[in-house]
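Have a look at the structure below, then the notes.
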Amino acid sequence: MRDLDKIQALVGPITAHDLKYVDAYVCHDVGIFIPSTGFCGYAIQPGHTHPSYSFMILLQKSSTVLDTSLQPDENHYIAAILPPDVAHEETTEDTFVRYIAIMASKQLVESVYLSYGLKPPHTQSWHDFFVPKEIMVFVSRFMEEYESNGAGRKTVLDAIGFLIVNDLIRNACQPGANNALPKSAAIRDAAEYIQQNFAAPISVRQLAQHVNLSVSAFSRRFFRETGSSPAAYLLAIRLNKSKSLLRNSEHSVTEIAQQCGFSSAAHLSSSFKKHYGLTPSAYRSLYANL
């Protein structure tokens, strides 16, 4: 088994036999494991643990792999994170479930959380969230690089692995990461108003008036029920719409900025790069290479 020592450092006392149905790709701090023709023998062991952080990306929803109430849309997968040394197990079922397991060392994960000024999770269960489907660009590149013998292969693998883990953590930590629906009719109405009018100028005062609340009361209730401020919620919708247009249209960045409610192409570019780490043009080029 190739790189079994690196795999065991991330996964635990797993054997080559456990991985006979699993495609494995690994560098020093990150491993990607994809059950392709059957279950992972280690994953179905009762009460097994991992010395590293576990991430999961569900390519199809299944309660036997991850018990979640989240409902993904066409642009997102359900993902989840589990801290090290937490006992868990996967249940086998008749229908094979497609998912990607990503293991990341404690040192890497905790350094990324520290860079955000946050503490890593210490829960005893999976924390679920949404991750954009374009994360598969980096996953695919990691797999291709692992199989290659190109110059600088180790350095490139480490860099792509860092990007994958950083993207997962960023999405896990962002406000409203679990996208729970607002509980009250007023906040649901405000969220729906934002969804329908994201391209137009929208102020917090306007939203508060729309649902007959004071600005302060509306802002408090909106954050409590969505985990996000109204402004951050609006920006997230605009950015998601811009990503969809960048992937699926030939409109210019300026046109997309206008269609998504940004004041200019520069405003879209700066917001996009701050949230995703690359410019809209670079994102479009990267996605076009899928």
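Every chain in the structure tokens has a letter given in the order shown (A, B, ...), and although residue numbers restart at 1 in each chain, ligands are simply numbered from 1 in the order shown.
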
List every residue of stretch 9-82 of chain A that DSSP, applied to the backbone, labels as strand (DSSP E), and write the result as a list in words.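 Residues meeting the strand (DSSP E) criterion: Val22, Asp23, Ala24, Tyr25, Val26, Val30, Gly31, Ile32, Phe33, Ile34, Pro35, Tyr53, Ser54, Phe55, Met56, Ile57, Leu58, His76, Tyr77, Ile78, Ala79, Ala80, Ile81 and Leu82 of chain A.
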
Find the residues near A:Tyr25: any atom within 9 Å, counting only C-alpha atoms, skip ones fewer than 6 places away on the same chain, and give them as a list in words.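 Counting only C-alpha atoms, the residues come to Asp3, Ile7, Gly31, Ile32, Phe33, Ile34, Phe142, Met143, Tyr146 and Glu147 of chain A.
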
Which of stretch 19-267 of chain A fall in alpha helix (DSSP H), as a ChimeraX atom specification: /A:106-115,135-147,153-173,185-197,204-210,215-226,230-248,253-259,265-267

Taking only C-alpha atoms into account, name the residue in A:Leu108, A:Ala266, A:Ala190, A:Val165 that is nearest to A:Thr226.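 Residue with the minimum atom-to-atom distance to A:Thr226: A:Ala190.
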
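Our summary of the geometry notes that atom CA of A:Leu10 is positioned 5.5 Å from atom CA of A:Ser52.
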
Nearest residue to A:Ser244 from the set A:Cys40, A:Lys133, A:Val22, A:Ala172 (distances using only C-alpha atoms):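 Of A:Cys40, A:Lys133, A:Val22, A:Ala172, the one nearest A:Ser244, counting only C-alpha atoms, is A:Lys133.
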
Suppose you want the space between atom CA of A:Tyr21 and atom CA of A:Pro35; what is it in Å?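 That distance, rounded to one decimal, is 5.9 Å.
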
Could you check which of A:Tyr42, A:Pro72, A:Glu134, A:Pro120 is closest to A:Glu90, using only C-alpha atoms?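 With only C-alpha atoms as the atom set, the closest residue is A:Tyr42.
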
Here is a test: counting only C-alpha atoms, which residue of A:Phe218, A:Tyr116, A:Phe262, A:Trp126 is nearest to A:Ala199?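 Comparing A:Phe218, A:Tyr116, A:Phe262, A:Trp126 against A:Ala199, the winner is A:Phe262.
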
Would you compute the distance between atom CA of A:Ser115 and atom CA of A:Phe130? Give it in Å to one decimal.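 Atom CA of A:Ser115 sits 21.1 Å away from atom CA of A:Phe130.
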
Between A:Lys274, A:His50, A:His122, A:Lys154, which residue has the minimum interatomic distance to A:His88, considering only C-alpha atoms?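 Of all the options, A:His50 lies closest to A:His88.
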
Long-range neighbours of stretch 240-242 of chain A as number ranges by chain, 12 Å cut-off, only C-alpha atoms, 5 positions minimum in chain: A: 73-76, 131-134, 195-199, 233-235, 247-262, 265, 268-269, 271-272, 275-276, 279-281, 283-284

Name all residues at most 9 Å from A:Phe222 (count only C-alpha atoms; drop same-chain ones fewer than 6 positions away) and give them as a ChimeraX atom specification. /A:182,187,190-191,228-230

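Of the listed residues A:Ile160, A:Ile14, A:Val112, A:Ala217, the one whose atoms come nearest to A:Ile44 is A:Ile14, with distances taken using only C-alpha atoms.
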
Shell of 9 Å around A:Leu4, only C-alpha atoms, local chain residues under 4 positions omitted, as a PyMOL selection string: chain A and resi 8-9+14-16
